[in-house]
file model_22.csv (CSV, C-alpha atoms and all ligand atoms)
chain,number,residue,atom,x,y,z
A,988,MET,CA,-5.1,-8.6,54.4
A,989,LEU,CA,-3.3,-5.3,54.7
A,990,LEU,CA,-1.6,-4.1,51.5
A,991,PRO,CA,0.1,-0.7,51.2
A,992,PRO,CA,-2.0,1.6,48.9
A,993,ILE,CA,0.9,1.7,46.4
A,994,VAL,CA,0.8,-2.2,46.0
A,995,LYS,CA,-3.0,-2.0,45.6
A,996,SER,CA,-2.7,0.6,42.9
A,997,ALA,CA,0.0,-1.3,41.1
A,998,MET,CA,-2.0,-4.6,41.2
A,999,LEU,CA,-5.1,-2.8,39.9
A,1000,LEU,CA,-3.1,-1.0,37.1
A,1001,MET,CA,-1.5,-4.3,36.0
A,1002,CYS,CA,-4.8,-6.0,35.8
A,1003,LYS,CA,-6.4,-3.2,33.9
A,1004,ALA,CA,-3.6,-3.2,31.4
A,1005,VAL,CA,-3.9,-7.0,30.9
A,1006,PHE,CA,-7.6,-6.6,30.6
A,1007,LEU,CA,-7.3,-4.1,27.8
A,1008,LEU,CA,-4.6,-6.1,25.9
A,1009,LEU,CA,-6.3,-9.4,26.0
A,1010,ASN,CA,-10.0,-8.5,26.0
A,1011,GLY,CA,-11.8,-10.9,23.7
A,1012,SER,CA,-9.1,-13.6,23.7
A,1013,ASP,CA,-9.4,-17.0,25.3
A,1014,LEU,CA,-7.2,-15.9,28.2
A,1015,MET,CA,-10.0,-13.7,29.4
A,1016,THR,CA,-11.8,-16.7,30.7
A,1017,PHE,CA,-9.0,-17.1,33.2
A,1018,LEU,CA,-8.3,-13.4,33.8
A,1019,LYS,CA,-11.8,-12.1,34.3
A,1020,PRO,CA,-12.1,-13.6,37.9
A,1021,VAL,CA,-8.6,-12.2,38.7
A,1022,TYR,CA,-9.7,-8.7,37.6
A,1023,ALA,CA,-12.9,-9.0,39.5
A,1024,ALA,CA,-11.1,-10.1,42.7
A,1025,THR,CA,-8.7,-7.2,42.4
A,1026,LEU,CA,-11.5,-4.7,42.0
A,1027,PHE,CA,-13.2,-6.3,45.1
A,1028,LEU,CA,-10.0,-6.0,47.1
A,1029,SER,CA,-9.4,-2.4,46.3
A,1030,ALA,CA,-13.0,-1.7,47.4
A,1031,VAL,CA,-12.8,-3.5,50.8
A,1032,LEU,CA,-9.2,-2.7,51.9
A,1033,PRO,CA,-8.9,0.4,54.2
A,1034,ALA,CA,-8.2,3.6,52.2
A,1035,ALA,CA,-5.4,6.0,52.9
A,1036,ALA,CA,-6.1,8.8,55.5
A,1037,GLN,CA,-8.5,11.3,54.1
A,1038,THR,CA,-7.0,14.7,53.5
A,1039,ALA,CA,-7.9,18.1,52.1
A,1040,SER,CA,-6.2,21.5,51.6
A,1041,ALA,CA,-6.9,25.2,51.5
A,1042,PRO,CA,-4.5,27.4,49.5
A,1043,MET,CA,-4.5,30.7,51.5
A,1044,LYS,CA,-4.6,34.0,49.6
A,1045,GLY,CA,-4.4,37.5,51.0
A,1046,SER,CA,-6.9,40.2,50.0
A,1047,ASP,CA,-4.5,41.4,47.2
A,1048,GLY,CA,-4.7,37.9,45.7
A,1049,LYS,CA,-1.2,36.9,46.7
A,1050,GLU,CA,-0.5,33.5,48.2
A,1051,VAL,CA,0.2,33.7,52.0
A,1052,GLY,CA,0.6,30.0,52.8
A,1053,SER,CA,-1.4,26.8,52.9
A,1054,VAL,CA,-3.6,24.8,55.3
A,1055,ASN,CA,-3.6,21.0,55.2
A,1056,LEU,CA,-6.3,19.0,56.8
A,1057,THR,CA,-6.2,15.4,57.8
A,1058,GLN,CA,-9.1,13.3,59.1
A,1059,THR,CA,-8.2,11.5,62.3
A,1060,SER,CA,-10.3,9.3,64.7
A,1061,GLN,CA,-10.4,12.3,67.0
A,1062,GLY,CA,-11.4,15.1,64.6
A,1063,VAL,CA,-9.6,17.0,61.9
A,1064,LEU,CA,-5.9,17.8,62.3
A,1065,ILE,CA,-5.2,21.2,60.7
A,1066,ASN,CA,-1.7,22.2,59.7
A,1067,VAL,CA,-1.5,25.9,59.2
A,1068,ALA,CA,1.6,27.3,57.4
A,1069,VAL,CA,1.5,31.0,56.7
A,1070,LYS,CA,4.1,33.6,55.7
A,1071,GLY,CA,4.3,37.4,55.6
A,1072,LEU,CA,1.4,38.1,58.0
A,1073,ALA,CA,1.4,41.0,60.4
A,1074,PRO,CA,3.0,39.9,63.7
A,1075,GLY,CA,0.5,39.5,66.6
A,1076,GLU,CA,-2.6,37.6,67.5
A,1077,HIS,CA,-5.0,36.7,64.7
A,1078,ALA,CA,-8.3,34.8,64.8
A,1079,ILE,CA,-8.6,31.7,62.5
A,1080,HIS,CA,-11.9,30.0,61.8
A,1081,VAL,CA,-13.6,27.6,59.5
A,1082,HIS,CA,-16.2,29.6,57.7
A,1083,ALA,CA,-19.5,28.4,56.2
A,1084,VAL,CA,-19.0,28.9,52.5
A,1085,GLY,CA,-16.1,27.7,50.3
A,1086,LYS,CA,-15.8,30.9,48.4
A,1087,CYS,CA,-12.9,33.4,48.8
A,1088,GLU,CA,-13.4,36.7,47.0
A,1089,PRO,CA,-11.8,39.7,48.6
A,1090,PRO,CA,-12.7,41.1,51.1
A,1091,PHE,CA,-13.7,37.5,51.8
A,1092,THR,CA,-17.3,38.2,53.1
A,1093,SER,CA,-18.1,35.6,50.4
A,1094,ALA,CA,-17.0,32.9,52.9
A,1095,GLY,CA,-20.0,33.7,55.1
A,1096,GLY,CA,-20.1,33.4,58.9
A,1097,HIS,CA,-18.4,30.8,61.1
A,1098,PHE,CA,-19.1,27.2,60.2
A,1099,ASN,CA,-22.0,26.4,62.6
A,1100,PRO,CA,-23.9,23.2,61.7
A,1101,GLY,CA,-24.9,22.7,65.4
A,1102,ASN,CA,-26.6,26.1,65.7
A,1103,LYS,CA,-24.4,27.2,68.6
A,1104,LYS,CA,-23.3,30.7,69.7
A,1105,HIS,CA,-19.8,31.9,69.1
A,1106,GLY,CA,-16.8,31.1,71.3
A,1107,MET,CA,-15.4,28.6,73.7
A,1108,LEU,CA,-16.0,31.2,76.6
A,1109,SER,CA,-19.7,31.3,75.8
A,1110,PRO,CA,-22.0,29.0,77.8
A,1111,GLU,CA,-23.9,28.4,74.5
A,1112,GLY,CA,-20.7,28.0,72.5
A,1113,GLN,CA,-19.1,27.2,70.4
A,1114,HIS,CA,-19.3,27.2,66.6
A,1115,ALA,CA,-17.8,24.1,65.0
A,1116,GLY,CA,-15.5,26.5,63.0
A,1117,ASP,CA,-14.2,28.2,66.1
A,1118,MET,CA,-10.5,27.7,66.9
A,1119,PRO,CA,-7.7,29.2,69.1
A,1120,ASN,CA,-5.9,32.3,67.9
A,1121,LEU,CA,-2.7,32.2,65.8
A,1122,HIS,CA,0.2,34.1,67.4
A,1123,ILE,CA,2.3,35.3,64.5
A,1124,PRO,CA,6.0,36.1,65.5
A,1125,GLN,CA,8.0,39.1,64.3
A,1126,SER,CA,9.1,37.2,61.2
A,1127,GLY,CA,5.5,37.0,60.0
A,1128,ASP,CA,5.9,33.3,59.4
A,1129,LEU,CA,4.2,30.6,61.4
A,1130,THR,CA,3.5,26.8,61.2
A,1131,VAL,CA,1.2,25.4,63.7
A,1132,GLU,CA,-1.1,22.4,64.1
A,1133,ILE,CA,-4.6,22.6,65.5
A,1134,LEU,CA,-7.0,19.7,66.2
A,1135,ASN,CA,-10.6,20.6,65.6
A,1136,VAL,CA,-12.8,17.9,67.1
A,1137,ASN,CA,-16.1,19.5,65.9
A,1138,ILE,CA,-15.7,19.1,62.2
A,1139,THR,CA,-15.2,16.2,59.8
A,1140,LEU,CA,-13.9,15.7,56.2
A,1141,GLU,CA,-16.4,12.9,55.7
A,1142,LYS,CA,-19.1,13.9,53.2
A,1143,GLY,CA,-22.7,13.3,54.2
A,1144,LYS,CA,-22.1,13.9,57.9
A,1145,GLN,CA,-24.0,16.8,59.5
A,1146,ASN,CA,-20.7,18.6,60.6
A,1147,SER,CA,-18.8,17.9,57.3
A,1148,VAL,CA,-16.9,20.8,55.8
A,1149,PHE,CA,-17.8,19.3,52.4
A,1150,ASP,CA,-21.5,20.4,52.6
A,1151,ALA,CA,-23.4,21.8,49.6
A,1152,ASP,CA,-21.7,25.1,49.5
A,1153,GLY,CA,-18.3,24.0,50.9
A,1154,SER,CA,-16.3,25.7,53.6
A,1155,ALA,CA,-13.2,28.0,53.9
A,1156,ILE,CA,-10.4,28.8,56.3
A,1157,VAL,CA,-10.3,32.5,57.2
A,1158,ILE,CA,-7.6,34.4,59.1
A,1159,HIS,CA,-8.6,37.8,60.6
A,1160,ALA,CA,-6.8,41.1,61.2
A,1161,GLY,CA,-7.5,40.9,65.0
A,1162,SER,CA,-7.8,38.3,67.7
A,1163,ASP,CA,-10.9,36.4,68.7
A,1164,ASP,CA,-12.2,37.2,72.2
A,1165,TYR,CA,-13.8,33.7,72.3
A,1166,LYS,CA,-17.1,35.1,73.5
A,1167,THR,CA,-18.7,37.9,71.3
A,1168,ASP,CA,-21.4,36.4,69.1
A,1169,PRO,CA,-21.2,35.8,66.2
A,1170,THR,CA,-17.7,37.0,65.2
A,1171,GLY,CA,-15.5,37.1,68.3
A,1172,GLU,CA,-14.7,40.8,67.4
A,1173,ALA,CA,-11.9,39.5,65.3
A,1174,GLY,CA,-11.9,42.4,62.8
A,1175,GLY,CA,-11.5,42.2,59.0
A,1176,ARG,CA,-10.5,39.2,57.0
A,1177,ILE,CA,-6.9,39.2,55.8
A,1178,ALA,CA,-6.6,35.7,54.3
A,1179,CYS,CA,-8.9,33.0,53.0
A,1180,GLY,CA,-8.7,29.6,51.5
A,1181,ALA,CA,-11.5,27.4,50.2
A,1182,ILE,CA,-11.2,23.8,51.5
A,1183,GLN,CA,-10.8,21.4,48.6
B,1,CU,CU,-13.5,34.0,61.0
B,2,ZN,ZN,-17.5,31.5,65.9
call {"tool": "encode", "arguments": {"input": "model_22.csv", "output": "structure tokens"}}
result
Amino acid sequence: MLLPPIVKSAMLLMCKAVFLLLNGSDLMTFLKPVYAATLFLSAVLPAAAQTASAPMKGSDGKEVGSVNLTQTSQGVLINVAVKGLAPGEHAIHVHAVGKCEPPFTSAGGHFNPGNKKHGMLSPEGQHAGDMPNLHIPQSGDLTVEILNVNITLEKGKQNSVFDADGSAIVIHAGSDDYKTDPTGEAGGRIACGAIQ
């Protein structure tokens, strides 16, 4: 019983409208089970892919792009689209707090629910929020996709980015050396977006 979400929503809306119009009339005896069945179906049918986003702002408050996150069976697929950044190598991480106030120290350290050390080159690594560097071309604009297998968008899980204080995507002035704990020596924070 696979219905596209648009059909599900339309069915539900129609039933809700009829429910409101005819509530109290004799027809309700017939319609109530239909309404109940529709509610039941909308609860048990598979939901659309879970997504989230992080609008990225520079330290001057200007928008520098956006990050879109999609839950997959293998982890979270992260689409990063930035513009006007300094060309070169820049670290990008998921940080522990969903708060982006310049100079973005408000976002806390790297998202690290597993209590690991920083970096994929560390034997005790890595933080769940650690990811490969972005290579910004001369134009300053870059769109790239990253699969992070260590995080989830599912609330309630130990490695969920939607924990009590949220999480943020942070881009740094320098590159991540993938080994220096706890920051990867990536320098200052040039862009930040709270995941919502
Ligand atoms: Cu970072
Ligand atoms: Zn880290």
call {"tool": "residues_near_ligand", "arguments": {"input": "model_22.csv", "ligand": "ligand CU 1 (chain B)", "cutoff": "12 Å", "atoms": "all atoms listed in the file", "output": "PyMOL selection string"}}
result
chain A and resi 1077-1084+1091-1099+1105-1106+1114-1121+1154-1165+1168-1180
call {"tool": "closest_residue", "arguments": {"input": "model_22.csv", "among": "A:Gly1075, A:Gly1112, A:Pro1042, A:Gly1085", "to": "ligand ZN 2 (chain B)", "atoms": "only C-alpha atoms and all ligand atoms"}}
result
A:Gly1112
call {"tool": "atom_distance", "arguments": {"input": "model_22.csv", "atom1": "atom CA of A:Val1131", "atom2": "atom CA of A:Pro1090"}}
result
24.5 Å
call {"tool": "closest_residue", "arguments": {"input": "model_22.csv", "among": "A:Ile1065, A:Leu1072, A:Ile1123, A:Leu1108", "to": "ligand ZN 2 (chain B)", "atoms": "all atoms listed in the file"}}
result
A:Leu1108
call {"tool": "closest_residue", "arguments": {"input": "model_22.csv", "among": "A:Asn1146, A:Gln1058, A:Ser1126, A:Asn1135", "to": "A:Gly1101", "atoms": "all atoms listed in the file"}}
result
A:Asn1146
call {"tool": "atom_distance", "arguments": {"input": "model_22.csv", "atom1": "atom CA of A:Val1069", "atom2": "atom CA of A:Leu1134"}}
result
17.0 Å
call {"tool": "closest_residue", "arguments": {"input": "model_22.csv", "among": "A:Pro1100, A:Pro1089, A:Gly1052, A:Pro1074", "to": "ligand ZN 2 (chain B)", "atoms": "all atoms listed in the file"}}
result
A:Pro1100
call {"tool": "atom_distance", "arguments": {"input": "model_22.csv", "atom1": "atom CA of A:Glu1132", "atom2": "atom CA of A:Ser1053"}}
result
12.0 Å
call {"tool": "closest_residue", "arguments": {"input": "model_22.csv", "among": "A:Ser1040, A:Ser1147, A:Gln1113, A:Thr1130", "to": "ligand ZN 2 (chain B)", "atoms": "all atoms listed in the file"}}
result
A:Gln1113
call {"tool": "closest_residue", "arguments": {"input": "model_22.csv", "among": "A:Ala1039, A:Gln1061, A:Lys1049, A:Ala1073", "to": "A:His1122", "atoms": "only C-alpha atoms"}}
result
A:Ala1073
call {"tool": "decode", "arguments": {"input": "model_22.csv", "residues": "stretch 1122-1142 of chain A", "atoms": "C-alpha atoms", "output": "PDB file, in the first residue's frame"}}
result
ATOM      1  CA  HIS A1122      38.576  22.880  -1.615  1.00  0.00           C
ATOM      2  CA  ILE A1123      37.224  26.276  -2.656  1.00  0.00           C
ATOM      3  CA  PRO A1124      38.207  27.209  -6.246  1.00  0.00           C
ATOM      4  CA  GLN A1125      39.339  30.677  -7.419  1.00  0.00           C
ATOM      5  CA  SER A1126      35.701  31.733  -8.009  1.00  0.00           C
ATOM      6  CA  GLY A1127      34.982  31.336  -4.290  1.00  0.00           C
ATOM      7  CA  ASP A1128      31.904  29.232  -5.054  1.00  0.00           C
ATOM      8  CA  LEU A1129      31.591  25.506  -4.444  1.00  0.00           C
ATOM      9  CA  THR A1130      28.850  22.883  -4.310  1.00  0.00           C
ATOM     10  CA  VAL A1131      29.814  19.487  -2.996  1.00  0.00           C
ATOM     11  CA  GLU A1132      28.179  16.481  -1.337  1.00  0.00           C
ATOM     12  CA  ILE A1133      29.567  14.715   1.726  1.00  0.00           C
ATOM     13  CA  LEU A1134      28.250  11.496   3.291  1.00  0.00           C
ATOM     14  CA  ASN A1135      28.687  11.527   7.081  1.00  0.00           C
ATOM     15  CA  VAL A1136      28.099   7.972   8.333  1.00  0.00           C
ATOM     16  CA  ASN A1137      28.600   8.917  12.004  1.00  0.00           C
ATOM     17  CA  ILE A1138      25.609  11.203  12.524  1.00  0.00           C
ATOM     18  CA  THR A1139      21.839  10.898  12.182  1.00  0.00           C
ATOM     19  CA  LEU A1140      18.855  13.259  11.852  1.00  0.00           C
ATOM     20  CA  GLU A1141      16.712  10.851  13.885  1.00  0.00           C
ATOM     21  CA  LYS A1142      15.782  12.434  17.211  1.00  0.00           C
TER      22      LYS A1142
END
